[in-house]
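This is model-v6.txt. It holds compact mmCIF, C-alpha atoms and all ligand atoms.
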# COMPACT_ATOMS: atom_id res chain seq x y z
CA MET Z 1 74.68 -69.09 1.75
CA GLU Z 2 74.01 -69.97 5.38
CA LYS Z 3 76.81 -71.03 7.68
CA ILE Z 4 76.45 -73.95 10.10
CA SER Z 5 79.27 -74.98 12.45
CA LEU Z 6 79.80 -78.50 13.64
CA ILE Z 7 81.26 -78.82 17.10
CA ARG Z 8 82.13 -81.75 19.30
CA TYR Z 9 80.15 -82.15 22.47
CA SER Z 10 80.58 -84.00 25.75
CA PRO Z 11 78.26 -83.34 28.73
CA GLU Z 12 81.16 -83.66 31.17
CA TYR Z 13 83.22 -80.86 29.67
CA ALA Z 14 80.61 -78.65 28.03
CA ASN Z 15 79.45 -75.26 29.16
CA PRO Z 16 76.06 -75.80 30.91
CA THR Z 17 74.45 -73.30 28.53
CA LEU Z 18 75.35 -75.54 25.59
CA THR Z 19 73.93 -78.59 27.41
CA ALA Z 20 70.72 -76.67 28.11
CA GLN Z 21 70.51 -75.77 24.40
CA LEU Z 22 71.03 -79.37 23.36
CA VAL Z 23 68.26 -80.46 25.72
CA GLU Z 24 65.88 -77.93 24.12
CA CYS Z 25 66.91 -79.04 20.62
CA TYR Z 26 66.32 -82.70 21.54
CA ARG Z 27 62.88 -81.88 22.93
CA ASP Z 28 62.01 -79.78 19.84
CA VAL Z 29 63.09 -82.52 17.41
CA PHE Z 30 60.97 -85.21 19.07
CA ALA Z 31 57.99 -82.89 19.76
CA ASP Z 32 57.75 -82.50 15.98
CA GLY Z 33 56.94 -85.10 13.29
CA PRO Z 34 57.21 -87.98 12.78
CA TRP Z 35 57.42 -88.69 16.53
CA HIS Z 36 55.03 -86.08 18.02
CA GLU Z 37 56.43 -86.61 21.53
CA TRP Z 38 55.61 -83.27 23.16
CA LEU Z 39 53.14 -83.71 26.04
CA LYS Z 40 51.58 -86.80 27.57
CA CYS Z 41 48.92 -87.86 29.98
CA SER Z 42 50.49 -89.43 33.06
CA GLN Z 43 47.31 -91.47 33.65
CA CYS Z 44 46.57 -93.11 30.27
CA GLN Z 45 49.98 -92.51 28.57
CA ARG Z 46 48.36 -90.97 25.48
CA TYR Z 47 50.64 -88.34 23.93
CA TRP Z 48 50.53 -85.41 21.51
CA GLY Z 49 52.93 -83.47 19.31
CA ILE Z 50 53.51 -79.76 18.87
CA LYS Z 51 51.16 -79.93 15.87
CA ASP Z 52 48.29 -80.58 18.31
CA LYS Z 53 48.85 -77.44 20.37
CA TYR Z 54 45.52 -75.79 19.43
CA GLN Z 55 43.55 -78.94 20.21
CA LEU Z 56 45.39 -79.18 23.54
CA ALA Z 57 44.65 -75.53 24.33
CA VAL Z 58 40.95 -76.29 23.84
CA MET Z 59 41.37 -79.22 26.27
CA LYS Z 60 43.09 -76.76 28.66
CA PHE Z 61 46.12 -79.09 28.61
CA LEU Z 62 44.20 -81.60 30.74
CA HIS Z 63 43.46 -85.28 30.13
CA CYS Z 64 41.98 -87.86 32.50
CA ASN Z 65 41.38 -84.81 34.74
CA VAL Z 66 45.10 -84.16 35.28
CA PRO Z 67 47.48 -81.63 33.68
CA LEU Z 68 49.61 -83.00 30.82
CA VAL Z 69 53.31 -83.51 31.51
CA ASP Z 70 56.38 -83.27 29.24
CA PHE Z 71 57.01 -86.37 27.14
CA TRP Z 72 60.76 -85.77 27.49
CA PRO Z 73 61.33 -84.03 30.86
CA ARG Z 74 64.55 -81.97 30.87
CA GLU Z 75 66.01 -83.92 33.81
CA GLN Z 76 65.53 -87.19 31.96
CA VAL Z 77 67.17 -85.88 28.77
CA ILE Z 78 70.16 -84.67 30.83
CA ARG Z 79 70.44 -88.05 32.56
CA ASP Z 80 70.37 -89.78 29.17
CA LEU Z 81 73.05 -87.45 27.78
CA TYR Z 82 75.42 -88.35 30.63
CA HIS Z 83 74.60 -92.01 30.27
CA GLU Z 84 75.00 -92.24 26.49
CA ILE Z 85 77.69 -89.65 25.70
CA THR Z 86 80.57 -91.21 27.58
CA PRO Z 87 84.21 -90.20 26.92
CA LYS Z 88 84.49 -92.88 24.19
CA ALA Z 89 81.37 -91.62 22.39
CA SER Z 90 81.40 -89.47 19.29
CA CYS Z 91 78.94 -86.60 19.54
CA TRP Z 92 78.57 -83.70 17.11
CA LEU Z 93 76.28 -80.72 17.35
CA ALA Z 94 75.21 -78.50 14.46
CA MET Z 95 75.19 -74.83 15.48
CA LYS Z 96 73.49 -71.93 13.73
CA ASP Z 97 75.10 -68.94 15.41
CA ALA Z 98 74.70 -69.75 19.11
CA SER Z 99 71.76 -72.18 18.72
CA VAL Z 100 71.94 -75.96 18.58
CA ILE Z 101 69.93 -77.06 15.51
CA GLY Z 102 71.03 -80.70 15.30
CA PHE Z 103 72.76 -83.50 17.18
CA CYS Z 104 74.27 -86.86 16.42
CA TRP Z 105 75.98 -89.35 18.71
CA GLY Z 106 77.10 -92.94 18.94
CA TYR Z 107 79.67 -95.06 20.73
CA PRO Z 108 81.64 -98.30 20.70
CA ILE Z 109 80.03 -101.21 22.49
CA THR Z 110 80.45 -104.99 22.35
CA ILE Z 111 77.84 -106.89 20.38
CA ALA Z 112 76.94 -108.80 23.57
CA ASP Z 113 76.26 -105.59 25.53
CA LEU Z 114 74.39 -104.01 22.63
CA GLN Z 115 72.14 -107.06 22.29
CA VAL Z 116 71.24 -106.70 25.97
CA LYS Z 117 70.69 -102.95 25.66
CA LEU Z 118 68.46 -103.30 22.60
CA GLY Z 119 66.76 -106.45 23.87
CA ILE Z 120 67.31 -108.37 20.64
CA SER Z 121 69.88 -110.71 19.16
CA PHE Z 122 71.60 -110.03 15.81
CA SER Z 123 75.16 -111.45 16.10
CA ARG Z 124 74.44 -114.60 14.12
CA GLU Z 125 72.93 -112.67 11.19
CA LEU Z 126 75.89 -110.29 11.37
CA GLY Z 127 78.30 -113.25 11.43
CA ARG Z 128 80.53 -111.77 14.16
CA GLU Z 129 81.69 -112.84 17.61
CA THR Z 130 79.69 -111.24 20.42
CA THR Z 131 82.91 -109.95 22.02
CA GLU Z 132 83.61 -107.66 19.03
CA LEU Z 133 83.22 -103.90 19.49
CA VAL Z 134 80.83 -102.27 17.04
CA ALA Z 135 79.80 -98.66 16.43
CA TYR Z 136 76.31 -98.09 17.80
CA GLN Z 137 74.73 -95.18 15.92
CA ASP Z 138 72.52 -94.03 18.74
CA GLU Z 139 70.80 -90.73 17.89
CA VAL Z 140 70.53 -88.22 15.09
CA GLY Z 141 68.11 -85.30 14.93
CA VAL Z 142 67.72 -81.97 13.18
CA VAL Z 143 65.11 -79.29 13.97
CA SER Z 144 62.43 -79.18 11.28
CA ALA Z 145 63.44 -75.74 9.93
CA TYR Z 146 66.80 -77.16 8.83
CA ARG Z 147 65.80 -80.60 7.56
CA GLY Z 148 66.57 -81.76 4.03
CA ARG Z 149 69.74 -79.66 3.79
CA LYS Z 150 72.41 -82.27 4.59
CA VAL Z 151 72.83 -81.32 8.24
CA ALA Z 152 72.28 -84.94 9.39
CA LYS Z 153 74.47 -86.28 6.61
CA THR Z 154 77.35 -83.99 7.56
CA MET Z 155 77.11 -84.87 11.26
CA VAL Z 156 76.89 -88.59 10.46
CA ALA Z 157 80.02 -88.29 8.27
CA HIS Z 158 81.91 -86.64 11.14
CA ARG Z 159 80.79 -89.38 13.55
CA LEU Z 160 81.89 -92.02 11.05
CA GLY Z 161 85.36 -90.43 10.95
CA ASP Z 162 85.59 -90.88 14.73
CA PHE Z 163 84.45 -94.51 14.54
CA ILE Z 164 87.09 -95.28 11.92
CA VAL Z 165 89.84 -93.64 14.01
CA GLN Z 166 88.72 -95.88 16.89
CA GLY Z 167 89.29 -98.94 14.68
CA LEU Z 168 85.61 -99.95 14.54
CA SER Z 169 84.53 -101.85 11.46
CA VAL Z 170 80.75 -102.35 11.74
CA GLY Z 171 77.94 -99.84 12.31
CA ILE Z 172 74.63 -100.81 13.96
CA VAL Z 173 71.47 -98.74 14.19
CA ARG Z 174 67.91 -99.26 15.41
CA THR Z 175 65.18 -97.70 13.33
CA ARG Z 176 61.56 -98.13 12.22
CA GLN Z 177 60.40 -100.00 9.12
CA ASN Z 178 56.65 -100.25 9.85
CA PRO Z 179 53.92 -99.04 9.76
CA GLU Z 180 55.74 -96.15 8.04
CA PRO Z 181 59.46 -96.48 7.33
CA SER Z 182 61.36 -93.66 9.03
CA LYS Z 183 63.55 -91.31 6.97
CA THR Z 184 66.60 -92.91 8.51
CA PHE Z 185 65.38 -96.40 7.54
CA LEU Z 186 64.99 -95.33 3.89
CA TRP Z 187 68.29 -93.44 3.94
CA TYR Z 188 70.33 -96.28 5.46
CA ILE Z 189 68.73 -99.03 3.34
CA ASN Z 190 68.35 -97.29 -0.02
CA LYS Z 191 71.34 -94.96 -0.06
CA LEU Z 192 73.88 -96.26 2.43
CA GLY Z 193 73.70 -100.03 1.87
CA TYR Z 194 72.72 -101.16 5.37
CA ARG Z 195 70.85 -104.46 5.68
CA ILE Z 196 68.24 -105.66 8.15
CA LEU Z 197 69.79 -107.87 10.84
CA ALA Z 198 66.75 -108.36 13.08
CA HIS Z 199 63.06 -107.49 13.36
CA TYR Z 200 61.48 -106.83 16.75
CA PRO Z 201 58.76 -109.44 17.29
CA GLY Z 202 55.01 -109.01 17.50
CA GLY Z 203 54.56 -106.48 14.71
CA ASP Z 204 56.55 -103.88 16.66
CA GLY Z 205 57.86 -102.43 13.37
CA ARG Z 206 61.35 -101.57 14.60
CA VAL Z 207 64.42 -103.20 13.07
CA ILE Z 208 68.16 -103.45 13.64
CA LEU Z 209 70.33 -102.51 10.65
CA GLY Z 210 74.04 -102.97 10.14
CA ARG Z 211 76.85 -102.66 7.63
CA LYS Z 212 80.62 -102.55 7.38
CA LEU Z 213 81.95 -99.03 7.86
CA ASP Z 214 84.38 -99.61 5.03
CA GLY Z 215 83.12 -97.77 1.93
CA LEU Z 216 80.51 -95.76 3.86
CA ARG Z 217 82.44 -92.50 3.67
CA GLU Z 218 82.25 -92.60 -0.14
CA LEU Z 219 78.47 -93.18 -0.08
CA LEU Z 220 77.98 -90.26 2.33
CA ALA Z 221 80.02 -88.04 0.03
CA GLU Z 222 77.78 -88.78 -2.98
CA ALA Z 223 75.65 -85.87 -4.10
CA PRO Z 224 71.88 -86.39 -3.62
CA GLU Z 225 69.60 -86.47 -6.64
CA ARG Z 226 67.70 -83.46 -5.33
CA ASN Z 227 67.43 -81.10 -2.41
CA TYR Z 228 64.50 -82.37 -0.38
CA ASP Z 229 62.92 -79.53 1.51
CA SER Z 230 64.88 -76.49 0.43
CA ASN Z 231 67.12 -75.30 -2.33
CA GLN Z 232 69.14 -73.08 -0.08
CA ASP Z 233 72.73 -74.22 0.29
CA ILE Z 234 74.57 -74.42 3.57
CA LEU Z 235 78.27 -73.96 4.11
CA PHE Z 236 79.47 -76.35 6.83
CA GLU Z 237 82.42 -75.51 9.02
CA THR Z 238 84.00 -77.79 11.57
CA GLU Z 239 85.20 -75.86 14.59
CA VAL Z 240 88.53 -76.62 16.13
CA GLU Z 241 87.89 -79.17 18.84
CA ARG Z 242 86.78 -77.41 21.98
CA VAL Z 243 86.79 -80.52 24.05
CA ILE Z 244 89.85 -82.58 24.75
CA VAL Z 245 88.87 -86.04 25.85
CA PRO Z 246 91.60 -87.62 27.94
C1 LIG I 1 66.11 -88.01 10.09
C2 LIG I 1 66.68 -86.61 10.17
C3 LIG I 1 67.77 -86.58 11.25
C4 LIG I 1 67.31 -86.25 8.80
O1 LIG I 1 67.95 -84.99 8.93
P1 LIG I 1 68.24 -84.04 7.67
O2 LIG I 1 69.26 -83.04 8.06
O3 LIG I 1 66.96 -83.56 7.14
O4 LIG I 1 68.85 -85.10 6.63
P2 LIG I 1 69.81 -84.76 5.40
O5 LIG I 1 69.33 -83.56 4.67
O6 LIG I 1 71.22 -84.78 5.85
O7 LIG I 1 69.54 -86.02 4.48
C5 LIG I 1 70.09 -87.30 4.79
C6 LIG I 1 69.39 -88.36 3.96
O8 LIG I 1 68.08 -88.56 4.46
C7 LIG I 1 67.18 -88.80 3.36
N1 LIG I 1 66.19 -87.69 3.37
C8 LIG I 1 66.27 -86.51 4.02
N2 LIG I 1 65.15 -85.80 3.86
C9 LIG I 1 64.34 -86.56 3.09
C10 LIG I 1 63.03 -86.39 2.56
N3 LIG I 1 62.31 -85.29 2.81
N4 LIG I 1 62.52 -87.39 1.80
C11 LIG I 1 63.22 -88.51 1.55
N5 LIG I 1 64.47 -88.72 2.03
C12 LIG I 1 65.01 -87.76 2.77
C13 LIG I 1 68.02 -88.80 2.12
O9 LIG I 1 68.37 -90.13 1.80
C14 LIG I 1 69.22 -88.01 2.50
O10 LIG I 1 70.39 -88.42 1.85
P3 LIG I 1 70.76 -87.81 0.39
O11 LIG I 1 70.90 -86.34 0.63
O12 LIG I 1 72.05 -88.47 0.07
O13 LIG I 1 69.67 -88.16 -0.54
C15 LIG I 1 65.57 -85.56 10.49
O14 LIG I 1 64.52 -85.73 9.58
C16 LIG I 1 65.04 -85.68 11.90
O15 LIG I 1 65.56 -85.09 12.82
N6 LIG I 1 63.96 -86.45 12.08
C17 LIG I 1 63.38 -86.63 13.43
C18 LIG I 1 64.29 -87.40 14.36
C19 LIG I 1 64.56 -88.79 13.87
O16 LIG I 1 63.67 -89.43 13.32
N7 LIG I 1 65.79 -89.27 14.07
C20 LIG I 1 66.19 -90.61 13.69
C21 LIG I 1 65.69 -91.66 14.61
S1 LIG I 1 66.28 -91.44 16.26
ZN ZN I 2 44.63 -89.57 29.88
Write the structure described by the file as C-alpha cells, please.
Amino acid sequence: MEKISLIRYSPEYANPTLTAQLVECYRDVFADGPWHEWLKCSQCQRYWGIKDKYQLAVMKFLHCNVPLVDFWPREQVIRDLYHEITPKASCWLAMKDASVIGFCWGYPITIADLQVKLGISFSRELGRETTELVAYQDEVGVVSAYRGRKVAKTMVAHRLGDFIVQGLSVGIVRTRQNPEPSKTFLWYINKLGYRILAHYPGGDGRVILGRKLDGLRELLAEAPERNYDSNQDILFETEVERVIVP
C-alpha cells in the first residue's frame, strides 16, 4: 500500500522549495490531458500539450517563426498562488515522499465579489443574498500517474472540513460541461448532487455549479463503485498542521 500525506499549504508561510514543487505540479497537471496547456505560440496563441512533444520537436519548438513559450510561466503561477491562497483560504497538498502530486484550494468570498470575479451572475438561481459568503472551490488537480485513486476526493474532503469550520453553507465551482464534460463536472453533478446555476453565454461550454455543503461530507465518504485507473490502494495520512494561520 502506498502512503500519501496531506499537508496544509500557504504561500506566505511555506518553505520556498515546497512552493517551487507546487508550481511544477500545477504546470504538469495542466500540461497533461484534458487541458494540454504546455507550450504556446505568443503570436497566434495556438497551444500544445505534453502529448505533442514529438510533433513539437519536429517543428523545432517554433511556430509563426518564433520560439514557443510556456503556457503557464512559473512567475505567473506564483503570482496566482499569492493572489488566490490568502490567509482565509483552505489549501491542501498531496505529497508522495517529498514530491507534490496534487493540490486543492478554495476560499470564502461574497456572492457579489464572486459574480464579478467569474463574470457571470448566479445569485438569483441560488436564491441567496449577494452579501452572503460562499465557499469558492477554486482549483483541484492531481498528476496523471496518481489519478483515479481518490487523491482529489480526499483533498476535497479536507477542504470541505475547513469550509464548515468557517461557517460557510454553500459551495460554488466553475467547470466545463461542453463540448466534453470535465471529470469534475461529472463528479459534482452525478455523485455529489451539485446543480447548474448558470451557463456562460455564446456556446462557451463552462458552467457554474453550486450546492449546500450540508450532507456533502457523507457523499464524499461513500465508496466508489470501482477504482477508475488503478486497483492499487493508497493510505492517506494528514500531517500535523505545519502552518499556523493567525
Ligand atoms: C479532476 C481530477 C482532479 C480528479 O482527480 P483524481 O484524484 O483522479 O480523482 P479521484 O480518484 O479522487 O476521484 C474523484 C471522483 O472523480 C470521478 N472520477 C475520477 N476518475 C474518473 C474516471 N477515470 N472516470 C470517471 N470518473 C472519474 C469519480 O466520480 C470520482 O468519485 P468516486 O471515486 O466517488 O466515484 C484529475 O483528473 C485532474 O487533475 N484533472 C486535470 C485538472 C482538472 O481538470 N481539474 C479540475 C478543473 S480546474
Ligand atoms: Zn503561431
Contacts of chain Z with ligand LIG 1 (chain I) up to 6 Å, shortest pair per row, only C-alpha atoms and all ligand atoms, as CSV:
residue,atom,partner,partner_atom,distance
Z:Val29,CA,I:LIG1,C17,5.7
Z:Glu139,CA,I:LIG1,S1,4.9
Z:Val140,CA,I:LIG1,N7,5.0
Z:Gly141,CA,I:LIG1,O15,3.3
Z:Val142,CA,I:LIG1,O15,3.8
Z:Val143,CA,I:LIG1,O15,5.9
Z:Arg147,CA,I:LIG1,O3,3.2
Z:Gly148,CA,I:LIG1,O5,3.4
Z:Arg149,CA,I:LIG1,O5,4.0
Z:Lys150,CA,I:LIG1,O6,3.1
Z:Val151,CA,I:LIG1,O2,4.0
Z:Ala152,CA,I:LIG1,O6,3.7
Z:Lys153,CA,I:LIG1,O6,3.7
Z:Lys183,CA,I:LIG1,C1,5.2
Z:Thr184,CA,I:LIG1,C1,5.2
Z:Trp187,CA,I:LIG1,O9,3.9
Z:Lys191,CA,I:LIG1,O9,6.0
Z:Pro224,CA,I:LIG1,O13,4.2
Z:Tyr228,CA,I:LIG1,N3,4.8
Z:Asp229,CA,I:LIG1,N3,5.9
Please find the residues contacting ligand ZN 2 (chain I) at a distance of at most 9 Å between atoms, with all atoms listed in the file counted, and report them as a JSON list (two decimals) with C-alpha atoms, in the coordinates of the input.
[["chain", "number", "residue", "atom", "x", "y", "z"],
["Z", 40, "LYS", "CA", 51.58, -86.80, 27.57],
["Z", 41, "CYS", "CA", 48.92, -87.86, 29.98],
["Z", 42, "SER", "CA", 50.49, -89.43, 33.06],
["Z", 43, "GLN", "CA", 47.31, -91.47, 33.65],
["Z", 44, "CYS", "CA", 46.57, -93.11, 30.27],
["Z", 45, "GLN", "CA", 49.98, -92.51, 28.57],
["Z", 46, "ARG", "CA", 48.36, -90.97, 25.48],
["Z", 47, "TYR", "CA", 50.64, -88.34, 23.93],
["Z", 62, "LEU", "CA", 44.20, -81.60, 30.74],
["Z", 63, "HIS", "CA", 43.46, -85.28, 30.13],
["Z", 64, "CYS", "CA", 41.98, -87.86, 32.50],
["Z", 65, "ASN", "CA", 41.38, -84.81, 34.74],
["Z", 66, "VAL", "CA", 45.10, -84.16, 35.28],
["Z", 68, "LEU", "CA", 49.61, -83.00, 30.82]]
Item to check | Exercise: residues within 12 Å of coordinate (84.9, -86.8, 8.3), counting all atoms listed in the file, as a list in words | outcome: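 Protein, DNA and RNA residues close to (84.9, -86.8, 8.3): Leu6, Ser90, Trp92, Lys153, Thr154, Met155, Val156, Ala157, His158, Arg159, Leu160, Gly161, Asp162, Phe163, Ile164, Val165, Leu216, Arg217, Glu218, Leu220, Ala221, Phe236, Glu237 and Thr238 of chain Z.
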Checklist entry - For Glu24 in chain Z, which residue out of Z:Glu125, Z:Glu75, Z:Glu2, Z:Glu132 is the nearest one, using only C-alpha atoms? => result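 Among Z:Glu125, Z:Glu75, Z:Glu2, Z:Glu132, it is Z:Glu75 that comes nearest to Glu24 in chain Z.
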Checklist outcome for this item: Computed gap from CA of Ala135 in chain Z to CA of Tyr107 in chain Z is 5.6 Å
Next on the checklist: Please compute the CA of Val100 in chain Z-CA of Thr175 in chain Z distance, one decimal, in Å.
Outcome noted: 23.4 Å
Next on the checklist: Report, in Å with one decimal, the straight-line distance from CA of Arg206 in chain Z to CA of Gln177 in chain Z.
Outcome noted: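 Value for the CA of Arg206 in chain Z-CA of Gln177 in chain Z distance: 5.8 Å.
Compared by their closest atoms to Trp35 in chain Z, and using all atoms listed in the file, the residues Z:Leu81, Z:Ile50, Z:Leu18, Z:Ile4 rank with Z:Ile50 nearest.
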